[in-house]
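> Just passing along the structure, written as structure tokens.
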Amino acid sequence: MKYLFTVGLGAAAGLSARWYMLRRDYRQYPSYPQGWAIHLFLGFIGGLIGAIIPPAFLEGDFSAISFLLLAATQFREVRNMERNTLTAMEATEMVGRGSGYIEGIARVFEARNYLAIWVALAVATVSEVVDPNRPLQVISGIVVAMILSWLLNHLMQGHVIGDIADIELVDIEFDGPVLVAGGVHLMNVGLPEARQTWLQKGLAVRIRPKGPNWKATLGNIGQMQAIAHDTSSMLGIYMDVGEQEFVPIVRRERESGSLIMIIIPSERDGKALVEAVSRVPVLEGAVRKPLQSAAGKMLD
Amino acid sequence: MAEKQILAIVTKNREKVGGTGPIFFADSDEELVHTATLLARVLAAAVHDLDNGSVVIVRH
């Protein structure tokens with residue numbers, strides 16, 4: 001089996017690339033070995049598929065290549081799997097991720113398997129080029145895998161809220177029973193005790209978009225929910241099951257398109273809140289670019 | 001957006017409320033708040049003030 005070395009090297013590279021992308025995930029998901037096992041195994045399969053393609057080409061076995069490409073499309077299932085898992089867990093979250101965020105995460109997980117295939121394919125190709133020089137195969141394989149994994153992972157990183165908006169703290173006040181922050185009516189709090197809690201422990205931020213494109217992006221409901229979810233999971237949250245008056249809320253200022261978020265974090269720390277909000281990812285599905293259109297340009 | 005629903009009304013003002021939902025009458029502000037709090041906890045719902053001596057218990 002003269003291609004065994006190349007195939008092994010490529011598959012290992014694909015697996016390592018998948019592992020590298022898994023551990024770089026700040027959301028701490030998946031966090032348990034079961035989750036890791038699922039994704040590493042899928043990464044290994046992807047790596048194997050990518051690694052077998054160059055030898056199959058060299059052998060002129062095009063039916064094998066067709067089958068491999070067919071197998072690669074099966075990774076679509078990964079997206080379904082992630083979506084189903086996260087949607088099923090949604091009911092157990094104090095502050096839900098929202099379907100927009102879930103779709104984004106599911107897509108990222110699917111895409112990472114394709115990246116693993118690319119890395120394995122590149123490593124196997126390089127390995128075949130310098131064959132049969134074993135040390136050179138290993139060294140060039142490692143170099144190619146590292147560069148490509150870093151590059152692809154780097155390119156895959158989207159924006160975060162801090163890139164597209166300015167974030168500042170604003171005061172919470174009450175207009176009768178209505179909670180007002182930054183001039184926006186956020187919600188009606190009926191119980192005096194709850195109003196006191198908001199005034200003492202609550203924090204509010206204004207997220208002001210840096211341009212019309214980002215204004216449209218921030219207006220996405222999925223994006224608003226993602227901000228509430230991620231901030232609560234980073235800072236912790238002061239509420240019990242069923243205490244709906246303490247749920248973090250994100251609302252839009254009609255005039256400027258800014259978002260106002262109110263939240264009662266576990267600890268009242270304004271700086272930490274601004275930092276947390278600035279690190280929330282901008283969802284792929286929320287990105288809007290009205291300025292790219294003729295009509296949008298006329299308005300600007 | 002989830003379906004919102006008024007589960008109950010607590011009021012001091014008998015003239016201002018009506019309809020088919022559960023209505024609880026209170027004689028003072030304290031009683032109003034107390035009843036509303038208890039109901040909100042039981043129903044896992046939020047209390048919203050209508051600013052006319054009535055509050056509604058709403059599930060979001």
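Residues in the structure tokens are numbered from 1 in each chain, the chains being A, B, ... in the order shown, and ligands are numbered from 1 in the order shown.
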Using DSSP assignments from the backbone, pull out every residue in stretch 94-297 of chain A that falls under helix (DSSP H, G or I) and give it to me as a PyMOL selection string.
chain A and resi 99-129+134-156+161-164+192-201+212-218+221-235+244-246+270-278+284-286+290-292+294-297
> What residues in chain B lie within 9 Å of chain A, counting only C-alpha atoms, written as number ranges by chain?
B: 33, 36-37, 40-41, 43-51, 55-57, 59-60
> Could you pull the residues within 9 Å of A:Thr87, counting only C-alpha atoms, minus those fewer than 3 positions along the same chain, as a CSV table (one decimal) with C-alpha atoms, in the first residue's frame?

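That gives us selection.csv:
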chain,number,residue,atom,x,y,z
A,82,GLU,CA,-26.1,21.0,15.7
A,83,ARG,CA,-29.3,22.8,15.0
A,84,ASN,CA,-31.4,20.0,16.5
A,90,GLU,CA,-33.2,26.1,24.0
A,91,ALA,CA,-36.0,25.4,26.5
A,97,ARG,CA,-29.9,31.9,22.1
A,98,GLY,CA,-32.6,32.6,19.5
A,99,SER,CA,-32.9,30.8,16.2
A,102,ILE,CA,-28.4,28.8,16.5
> Give the answer as one residue: which of A:Phe62, A:Ile264, A:Val277, A:Leu9 has the shortest atom-to-atom distance to A:Gln196, using only C-alpha atoms?
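Ranked by minimum distance to A:Gln196, first place goes to A:Ile264.
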> Contacts of stretch 145-155 of chain A at 8 Å or less, counting only C-alpha atoms, minus same-chain residues fewer than 6 places along, as a VMD selection string?
chain A and resid 13 17 20 to 21 115 119 to 120 122 to 123
> Between atom CA of A:Ala226 and atom CA of A:Val108, measure the distance and give it in Å to one decimal.
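So the answer is 15.2 Å.
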> Near B:Asp29, counting only C-alpha atoms, which residues have an atom at most 9 Å away, once you skip same-chain residues fewer than 4 positions from it, shown as an mmCIF file with C-alpha atoms, in the first residue's frame?

data_model
loop_
_atom_site.group_PDB
_atom_site.id
_atom_site.type_symbol
_atom_site.label_atom_id
_atom_site.label_comp_id
_atom_site.auth_asym_id
_atom_site.auth_seq_id
_atom_site.Cartn_x
_atom_site.Cartn_y
_atom_site.Cartn_z
ATOM 1 C CA LYS B 12 -58.223 48.237 43.485
ATOM 2 C CA VAL B 33 -48.671 44.250 45.345
ATOM 3 C CA HIS B 34 -48.811 41.231 47.628
ATOM 4 C CA GLY B 53 -54.822 51.000 40.237
#
> With only C-alpha atoms as the counted atoms, please give the residues lying no more than 7 Å from A:Gly46, apart from itself and same-chain residues fewer than 3 positions off, as a VMD selection string.
chain A and resid 14 42 to 43 49 to 50 113 116 to 117
> Could the residues in this selection be written to a file with C-alpha atoms, as a short mmCIF file (atom, residue, chain, number, x, y, z; two decimals), in the first residue's frame?

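Writing done, so here's result-v3.cif:
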data_model
loop_
_atom_site.label_atom_id
_atom_site.label_comp_id
_atom_site.auth_asym_id
_atom_site.auth_seq_id
_atom_site.Cartn_x
_atom_site.Cartn_y
_atom_site.Cartn_z
CA GLY A 14 -7.39 17.03 8.98
CA LEU A 42 -16.29 13.81 12.01
CA GLY A 43 -13.10 15.81 11.52
CA ILE A 49 -11.76 11.93 2.62
CA GLY A 50 -9.47 14.84 1.81
CA ASN A 113 -15.44 20.14 8.64
CA ALA A 116 -10.56 20.05 7.78
CA ILE A 117 -11.06 18.45 4.35
#
> When DSSP works through the backbone of this structure, what residues of stretch 20-263 of chain A end up as strand (DSSP E or B), shown as a PyMOL selection string?
chain A and resi 160+165-170+172-175+178-181+184-188+203-209+237+249-252+259-263
> With a distance cut-off of 10 Å and only C-alpha atoms, select the neighbouring residues of B:Lys16, excluding the residue or stretch itself and same-chain residues fewer than 2 positions from it, and output the selection as number ranges by chain.
B: 11-14, 18, 52-54
> Please indicate the distance in Å from atom CA of A:Arg254 to atom CA of A:Gly183, rounded to one decimal place.
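Interatomic distance, atom CA of A:Arg254 to atom CA of A:Gly183: 10.7 Å.
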> When you draw a straight line from atom CA of A:Leu186 to atom CA of A:Lys201, how long is it in Å?
16.3 Å
